[in-house]
$ cat my_file18.tsv   # TSV, C-alpha atoms and all ligand atoms
chain	number	residue	atom	x	y	z
S	25	MET	CA	-16.60	201.75	31.86
S	26	LYS	CA	-17.65	201.36	28.24
S	27	ASN	CA	-15.83	204.12	26.43
S	28	ARG	CA	-12.99	202.36	24.69
S	29	CYS	CA	-12.10	201.86	21.07
S	30	THR	CA	-11.17	198.32	20.05
S	31	LEU	CA	-8.94	197.82	17.00
S	32	ILE	CA	-9.45	194.40	15.42
S	33	GLN	CA	-6.51	193.35	13.24
S	34	ALA	CA	-7.35	190.78	10.58
S	35	SER	CA	-4.10	189.96	8.80
S	36	SER	CA	-2.83	186.42	8.22
S	37	ARG	CA	0.47	187.49	9.74
S	38	SER	CA	0.59	189.38	13.03
S	39	ASN	CA	3.72	191.41	12.27
S	40	GLY	CA	3.36	192.09	8.55
S	41	ASP	CA	2.32	195.34	6.86
S	42	THR	CA	-1.00	195.54	8.69
S	43	GLY	CA	0.84	194.88	11.97
S	44	ILE	CA	3.30	197.71	11.18
S	45	PHE	CA	0.33	200.02	10.60
S	46	SER	CA	-1.49	198.95	13.76
S	47	ASN	CA	1.70	199.46	15.81
S	48	LYS	CA	1.85	203.02	14.47
S	49	LEU	CA	-1.79	203.59	15.37
S	50	ARG	CA	-1.28	202.15	18.85
S	51	GLN	CA	1.79	204.34	19.47
S	52	HIS	CA	-0.41	207.42	19.14
S	53	PHE	CA	-3.86	206.28	20.26
S	54	ASP	CA	-4.94	204.32	23.29
S	55	VAL	CA	-6.98	201.45	21.90
S	56	ASN	CA	-7.84	197.95	23.04
S	57	PHE	CA	-6.19	195.59	20.55
S	58	VAL	CA	-7.41	192.24	19.23
S	59	ASP	CA	-5.35	190.20	16.75
S	60	LEU	CA	-7.63	187.71	15.01
S	61	ASN	CA	-4.56	185.82	13.77
S	62	ALA	CA	-3.78	184.83	17.36
S	63	LEU	CA	-7.27	183.44	18.01
S	64	GLN	CA	-9.12	180.28	17.05
S	65	ILE	CA	-12.27	181.43	15.29
S	66	GLY	CA	-13.81	178.89	12.95
S	67	GLN	CA	-15.95	179.49	9.92
S	68	TYR	CA	-19.67	180.00	10.37
S	69	ASP	CA	-21.40	176.69	10.98
S	70	TYR	CA	-25.18	176.26	10.68
S	71	GLU	CA	-25.02	173.53	13.33
S	72	GLU	CA	-23.01	175.73	15.70
S	73	LYS	CA	-20.18	173.23	15.99
S	74	ASN	CA	-17.93	176.24	16.65
S	75	ARG	CA	-19.79	177.39	19.72
S	76	ASP	CA	-16.82	176.76	22.07
S	77	ASP	CA	-14.14	178.52	20.03
S	78	ASP	CA	-12.81	182.03	20.71
S	79	PHE	CA	-15.56	183.97	18.92
S	80	ILE	CA	-18.18	184.47	21.65
S	81	PRO	CA	-15.74	185.33	24.51
S	82	THR	CA	-13.84	187.70	22.20
S	83	ILE	CA	-16.82	189.58	20.81
S	84	SER	CA	-18.58	189.68	24.21
S	85	ASN	CA	-15.54	191.29	25.82
S	86	ILE	CA	-15.21	193.79	22.96
S	87	ILE	CA	-18.88	194.76	23.22
S	88	ASN	CA	-18.70	195.08	27.00
S	89	ILE	CA	-15.73	197.45	27.08
S	90	SER	CA	-16.01	199.39	23.82
S	91	ASP	CA	-18.27	201.95	22.23
S	92	THR	CA	-16.22	201.91	19.01
S	93	ILE	CA	-14.90	199.03	16.93
S	94	ILE	CA	-12.38	199.57	14.12
S	95	LEU	CA	-11.90	196.71	11.67
S	96	LEU	CA	-8.41	196.67	10.14
S	97	THR	CA	-7.71	194.41	7.18
S	98	PRO	CA	-5.06	193.98	4.51
S	99	ILE	CA	-6.36	193.90	0.94
S	100	TYR	CA	-6.44	190.30	-0.21
S	101	TRP	CA	-7.85	189.75	-3.70
S	102	TYR	CA	-9.52	193.16	-3.87
S	103	THR	CA	-11.46	192.62	-0.67
S	104	MET	CA	-11.15	192.01	3.09
S	105	SER	CA	-9.00	189.14	4.39
S	106	GLY	CA	-10.56	185.73	4.94
S	107	LEU	CA	-9.98	186.21	8.68
S	108	LEU	CA	-12.17	189.30	8.72
S	109	LYS	CA	-14.85	187.75	6.53
S	110	THR	CA	-15.00	184.73	8.85
S	111	PHE	CA	-15.22	187.04	11.87
S	112	LEU	CA	-18.10	188.96	10.26
S	113	ASP	CA	-19.87	185.74	9.22
S	114	ARG	CA	-19.82	184.71	12.87
S	115	PHE	CA	-21.87	187.81	13.79
S	116	THR	CA	-24.72	185.59	12.56
S	117	ASP	CA	-24.27	183.64	15.82
S	118	LEU	CA	-25.01	186.86	17.70
S	119	LEU	CA	-28.26	187.37	15.84
S	120	LYS	CA	-29.38	183.73	16.18
S	121	ASN	CA	-28.10	182.49	19.54
S	122	GLU	CA	-26.55	185.27	21.59
S	123	ILE	CA	-29.32	187.75	20.99
S	124	SER	CA	-28.79	189.89	24.11
S	125	THR	CA	-25.11	190.34	23.21
S	126	GLY	CA	-25.99	191.03	19.55
S	127	ARG	CA	-28.49	193.75	20.52
S	128	LYS	CA	-25.71	195.68	22.24
S	129	LEU	CA	-24.07	196.31	18.84
S	130	ARG	CA	-26.95	198.67	18.02
S	131	GLY	CA	-25.74	202.23	18.50
S	132	MET	CA	-22.05	201.32	18.67
S	133	ASN	CA	-19.60	202.98	16.23
S	134	LEU	CA	-17.96	200.93	13.48
S	135	GLY	CA	-14.84	202.11	11.62
S	136	TYR	CA	-13.11	200.39	8.72
S	137	MET	CA	-9.43	200.60	7.74
S	138	SER	CA	-7.47	198.77	5.06
S	139	VAL	CA	-3.78	198.36	4.24
S	140	SER	CA	-1.91	197.51	1.08
S	141	ASN	CA	1.32	198.57	-0.61
S	142	ASP	CA	-0.59	201.23	-2.59
S	143	GLU	CA	-1.84	204.59	-1.35
S	144	ASN	CA	-5.28	204.58	-2.97
S	145	LEU	CA	-8.12	202.24	-3.85
S	146	SER	CA	-10.10	202.95	-6.98
S	147	TYR	CA	-13.24	200.86	-6.32
S	148	ASP	CA	-16.02	200.51	-3.75
S	149	PHE	CA	-14.07	198.38	-1.29
S	150	GLU	CA	-16.04	199.34	1.79
S	151	MET	CA	-19.57	198.40	0.70
S	152	PRO	CA	-19.93	195.10	2.63
S	153	VAL	CA	-18.90	196.67	5.92
S	154	ARG	CA	-20.88	199.88	5.32
S	155	MET	CA	-24.05	197.86	4.62
S	156	SER	CA	-23.40	195.45	7.49
S	157	ALA	CA	-23.10	198.39	9.89
S	158	GLU	CA	-26.44	199.67	8.64
S	159	TYR	CA	-28.02	196.23	9.03
S	160	LEU	CA	-26.71	195.90	12.58
S	161	GLY	CA	-27.83	199.41	13.55
S	162	MET	CA	-24.24	200.55	14.10
S	163	LYS	CA	-23.04	204.06	13.34
S	164	TYR	CA	-20.61	203.73	10.43
S	165	LEU	CA	-17.55	205.95	10.73
S	166	GLY	CA	-16.38	205.43	7.16
S	167	HIS	CA	-13.46	203.72	5.50
S	168	GLU	CA	-9.87	204.85	5.03
S	169	HIS	CA	-7.06	203.14	3.16
S	170	PHE	CA	-3.39	203.24	4.20
S	171	SER	CA	-0.14	202.36	2.47
S	172	VAL	CA	2.66	200.34	4.05
S	173	ASN	CA	5.68	199.70	1.84
S	174	GLY	CA	9.11	198.34	2.69
S	175	GLY	CA	8.23	198.36	6.39
S	176	TRP	CA	7.10	202.01	6.49
S	177	VAL	CA	3.73	203.70	6.77
S	178	SER	CA	3.67	206.46	4.14
S	179	GLU	CA	3.63	210.10	5.28
S	180	LEU	CA	0.30	210.62	3.54
S	181	SER	CA	-1.14	207.62	5.37
S	182	ILE	CA	0.01	209.02	8.72
S	183	GLU	CA	-1.86	212.24	7.88
S	184	LYS	CA	-4.94	210.25	6.88
S	185	LEU	CA	-4.74	208.30	10.14
S	186	LYS	CA	-4.62	211.47	12.25
S	187	LYS	CA	-7.63	212.89	10.41
S	188	TYR	CA	-9.57	209.67	10.79
S	189	MET	CA	-8.84	209.36	14.51
S	190	ASP	CA	-9.82	213.03	15.03
S	191	LYS	CA	-13.39	211.94	14.26
S	192	LEU	CA	-13.28	209.68	17.33
S	193	THR	CA	-13.29	210.93	20.89
S	194	ILE	CA	-10.62	208.67	22.34
W	1	LIG	C1	-3.46	186.57	-0.45
W	1	LIG	C2	-3.05	187.97	-0.86
W	1	LIG	C3	-3.84	188.66	-1.76
W	1	LIG	C4	-3.51	189.97	-2.11
W	1	LIG	N1	-4.33	190.67	-2.96
W	1	LIG	C5	-4.08	191.99	-3.20
W	1	LIG	C6	-4.99	192.76	-4.01
W	1	LIG	O1	-6.01	192.28	-4.49
W	1	LIG	N2	-4.69	194.06	-4.22
W	1	LIG	C7	-3.56	194.65	-3.68
W	1	LIG	O2	-3.33	195.84	-3.90
W	1	LIG	N3	-2.69	193.93	-2.92
W	1	LIG	C8	-2.94	192.62	-2.66
W	1	LIG	N4	-2.08	191.90	-1.87
W	1	LIG	C9	-0.94	192.58	-1.25
W	1	LIG	C10	-1.28	192.99	0.19
W	1	LIG	O3	-2.48	193.75	0.24
W	1	LIG	C11	-0.20	193.85	0.80
W	1	LIG	O4	1.07	193.26	0.62
W	1	LIG	C12	-0.48	194.07	2.27
W	1	LIG	O5	0.29	195.15	2.71
W	1	LIG	C13	-0.19	192.80	3.07
W	1	LIG	O6	-0.47	193.02	4.43
W	1	LIG	P1	-0.05	191.90	5.52
W	1	LIG	O7	1.44	191.89	5.56
W	1	LIG	O8	-0.67	192.37	6.81
W	1	LIG	O9	-0.64	190.60	5.03
W	1	LIG	C14	-2.36	190.58	-1.54
W	1	LIG	C15	-1.55	189.85	-0.66
W	1	LIG	C16	-1.88	188.55	-0.33
W	1	LIG	C17	-1.02	187.78	0.66
$ encode --input "my_file18.tsv" --output "structure tokens" --more "lines below"
Ligand SMILES: Cc1cc2nc3c(=O)[nH]c(=O)nc-3n(C[C@H](O)[C@H](O)[C@H](O)COP(=O)(O)O)c2cc1C
Amino acid sequence: MKNRCTLIQASSRSNGDTGIFSNKLRQHFDVNFVDLNALQIGQYDYEEKNRDDDFIPTISNIINISDTIILLTPIYWYTMSGLLKTFLDRFTDLLKNEISTGRKLRGMNLGYMSVSNDENLSYDFEMPVRMSAEYLGMKYLGHEHFSVNGGWVSELSIEKLKKYMDKLTI
């Protein structure tokens, strides 16, 4: 049945700050979990030399079992991690070659979460994902930023997480 939420973690280390945050989220909410750091997903290639890597099986499974996708990235150089950018670039394969799978994104929910050592972001971090959701016909659930410092998710971030997840029916 297609009613699950999939959390896609896009940190360059599986058990770093973003991993600490995703563990907290998964303690309280029942989500399907995908760690991009554990997969082989190559950069977008115009000649589709990556067609046999992990991207298509991973995204196809996510689309088949989920109605909501949450992207979770650390802040690297003021923006999303390279892992997440590569993953999003590969959505181009869905629009060009795997059209029936790509069409299923339309109407799905897309959430966006980020992690750094600070509590707040003071600039328009979310724009690329917000506009990509619009382009893909996905319902954008908004962005929230969370702080992990010294191995702990801040109290304020735990409150923000509860509020964010309240918007979802999982
Ligand atoms: C390559 C790299 C770039 C970073 N750039 C930023 C940045 O632009 N702004 C910021 O606040 N923190 C930045 N940081 C700090 C990370 O956002 C922060 O330590 C985060 O919690 C790391 O999560 P991780 O352990 O999952 O990688 C950067 C860290 C790395 C490794």
$ residues_near_ligand --input "my_file18.tsv" --ligand "ligand LIG 1 (chain W)" --cutoff "6 Å" --atoms "only C-alpha atoms and all ligand atoms" --output "PyMOL selection string"
chain S and resi 35-37+40-43+98-102+139-141+172
$ residues_around --input "my_file18.tsv" --residues "Ile93 of chain S" --least-positions-apart "6" --cutoff "7 Å" --atoms "all atoms listed in the file" --output "PyMOL selection string"
chain S and resi 29-31+133-135
$ atom_distance --input "my_file18.tsv" --atom1 "atom CA of Ala34 of chain S" --atom2 "atom CA of Thr125 of chain S"
21.8 Å
$ closest_residue --input "my_file18.tsv" --among "S:Val177, S:Leu95, S:Met132, S:Ile32" --to "Asn61 of chain S" --atoms "all atoms listed in the file"
S:Ile32
$ residues_around --input "my_file18.tsv" --residues "segment 147-152 of chain S" --least-positions-apart "3" --cutoff "8 Å" --atoms "only C-alpha atoms" --output "list of chain:residue names"
S:Tyr102, S:Thr103, S:Tyr136, S:Met155, S:Ser156, S:His167
$ residues_around --input "my_file18.tsv" --residues "Phe115 of chain S" --least-positions-apart "3" --cutoff "12 Å" --atoms "all atoms listed in the file" --output "list in words"
Ile65, Gln67, Tyr68, Asp69, Phe79, Ile80, Thr82, Ile83, Ser84, Leu108, Lys109, Thr110, Phe111, Leu112, Leu118, Leu119, Lys120, Asn121, Glu122, Ile123, Thr125, Gly126, Arg127, Leu129, Ser156, Ala157, Tyr159 and Leu160 of chain S
$ atom_distance --input "my_file18.tsv" --atom1 "atom CA of Asn74 of chain S" --atom2 "atom CA of Leu60 of chain S"
15.5 Å
$ closest_residue --input "my_file18.tsv" --among "S:Ser146, S:Val153, S:Ile86, S:Lys48" --to "Glu179 of chain S" --atoms "all atoms listed in the file"
S:Lys48
$ atom_distance --input "my_file18.tsv" --atom1 "atom CA of Trp176 of chain S" --atom2 "atom CA of Ile44 of chain S"
7.4 Å
$ closest_residue --input "my_file18.tsv" --among "S:Thr97, S:Gln51, S:Asn144, S:Thr92" --to "Met162 of chain S" --atoms "only C-alpha atoms"
S:Thr92
$ closest_residue --input "my_file18.tsv" --among "S:Asn173, S:Ser46, S:Ser105, S:Asn27" --to "Asp142 of chain S" --atoms "only C-alpha atoms"
S:Asn173
$ closest_residue --input "my_file18.tsv" --among "S:Phe57, S:Gln33, S:Met104, S:Thr116" --to "Tyr70 of chain S" --atoms "only C-alpha atoms"
S:Thr116
